[in-house]
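One structure is given below, encoded as structure tokens.
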Amino acid sequence: RKQPVRADDHRLGFLLGDSGAQVVLSRRALLSSLGLKPEGVEPVFLEPGWECESAPEALWDPALSASPSNLAYLIYTSGSTGVPKAVALEHRSAVAFVRWAWGVYPAEDLACVLAATSIGFDMSVFELFVPLSRGGKVLLAADVLALAELPEAGEVTLVNTVPSAMAELVATGVLPASVRTVNLGGEPVSRALADAVHAGYEVCLYNLYGPSEDTTFSTIAEIGRGAMAAPSIGRPVTGTQVHLLDGERRPVPLGAPGELYLGGVGLSRGYYGRPERTAERFVPNPYTEMAGGAGSRLYRTGDLARFRPDGELEFLGRIDQQVKIRGYRIEPGEIEAALLAYPGVRQAAVVAREDAWGDRRLVAYVAAAGEPIPVPELREFLRRRLPEPMVPAAIVPMESLPCTASGKLDRRALPALEL
């Protein structure tokens, strides 16, 4: 990373312990700067020439015993209880996802894919494994906005990113003419952005929706030129079932809003080491005949959607407090728990606010137990405990936070802020 890592062993140490990791791959200086001294974890250091300096001999020639049902990776997501939770994905789901992509994207589109997404974010699964498995290559970048600085930028054929980053690429006019396809995911795509992309570039533009619990992408829509309606999230990808259900888990009529449930080959095992949370979100599938027989499950996304008359899905928002900021799924409760861990913070609330350009940012409101809260120190405290996308753009001290007549926090009464 070019930027200094601003995290201590509080969060990363938790991830290592929670995942049961036995090996950590790192640079010696980086591990030292983070202050990580994980017990029972074997460090493997990659030094300047990227030689494995300390790898145990067994790592050089591992036994090839993986099966489709083996765990492939864990993706950590923000937790409403204040603790991150790991989504456990199996090899079978990742392979099905890659095979689906082969059928949608021609080899020419995958000849050179920009890989600018953190491997802690599941859009990276597409950027890395789809092109490499088709004989293409990936071009590594610190982030998507660094594309223009890369000497090989003119070779890139596909860009896979979040709408807020694409808006910046379009505004600065740095998207290479070699790009054939643009994938947008992680947050809603506006009609204005789609029109701006088509106005400046000859590309195939896709809107992709999907939670980590269903292997990266669950639905796909091609956004054509000249359409008037807001972009839909399309139709299910191969092997995925979509159901819109009411509070009793009954199908809603065409055009009516319902909670979006997902089933099929992309579903994860659930949340690693959290059976209660898994049982809450992964429920028995009443449509077993069309979804793999007895024992199949549906994932409750917490997203609202409706079927348009043409059969495509329209995303309507969330049924809870979860927000998306630049593609990162964030539970305000996790940030609020970190704020309340700071000595002297009595109350805390976090909401997403839009600036004048429609970009969403996190704003934290805090009330002190006594002495005024030093905001710069509080911000540094958060940076040591949370990943950068979860650190609020603004922290607003208040005497007390507004409450409803029943004494609960009234988020709608929190003061608006000029961002």
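Every chain in the structure tokens has a letter given in the order shown (A, B, ...), and although residue numbers restart at 1 in each chain, ligands are simply numbered from 1 in the order shown.
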Could you make a table, as CSV, of the residues of region 144-244 of chain A that have an atom within 12 Å of an atom of region 71-79 of chain A, each with its nearest atom pair and distance in Å to one decimal, counting only C-alpha atoms, in chain and number order?
```
residue,atom,partner,partner_atom,distance
A:Pro211,CA,A:Thr77,CA,10.0
A:Ser212,CA,A:Ile75,CA,7.2
A:Glu213,CA,A:Ile75,CA,8.9
A:Asp214,CA,A:Ile75,CA,11.3
A:Thr215,CA,A:Ile75,CA,9.9
A:Thr216,CA,A:Ile75,CA,10.3
```
Can you check which residues of region 4-233 of chain A DSSP gives as strand (DSSP E or B) on the backbone and send them as a PyMOL selection string?
-> chain A and resi 23-26+42-46+52+71-77+85-90+112-115+137-140+158-161+181-185+204-209+219-222
Please identify all polymer residues within 6 Å of Val345 (chain A), counting only C-alpha atoms, omitting same-chain residues fewer than 4 positions from it, and present them as a PyMOL selection string.
-> chain A and resi 340+367-369
May I have the residues from that selection written out with N, CA and C atoms, as a short mmCIF file (atom, residue, chain, number, x, y, z; two decimals), in the first residue's frame?
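Resulting contents of out26.cif:
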```cif
data_model
loop_
_atom_site.label_atom_id
_atom_site.label_comp_id
_atom_site.auth_asym_id
_atom_site.auth_seq_id
_atom_site.Cartn_x
_atom_site.Cartn_y
_atom_site.Cartn_z
N LEU A 340 -18.82 4.49 21.20
CA LEU A 340 -19.17 4.37 22.62
C LEU A 340 -18.04 3.75 23.43
N ALA A 367 -22.53 12.64 21.96
CA ALA A 367 -22.79 13.45 23.15
C ALA A 367 -21.84 13.00 24.24
N ALA A 368 -21.25 13.97 24.95
CA ALA A 368 -20.25 13.67 25.97
C ALA A 368 -20.89 13.38 27.30
N ALA A 369 -20.18 12.57 28.10
CA ALA A 369 -20.63 12.27 29.46
C ALA A 369 -20.23 13.39 30.41
#
```
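Between CA of Ala305 (chain A) and CA of Ala256 (chain A) lies a distance of 8.3 Å.
Of the listed residues (A:Ala177, A:Met123, A:Ile220, A:Val24), A:Met123 comes nearest to Tyr328 (chain A); the distances count only C-alpha atoms.
Here CA of Thr219 (chain A) and CA of Gln322 (chain A) stand 19.9 Å from one another.
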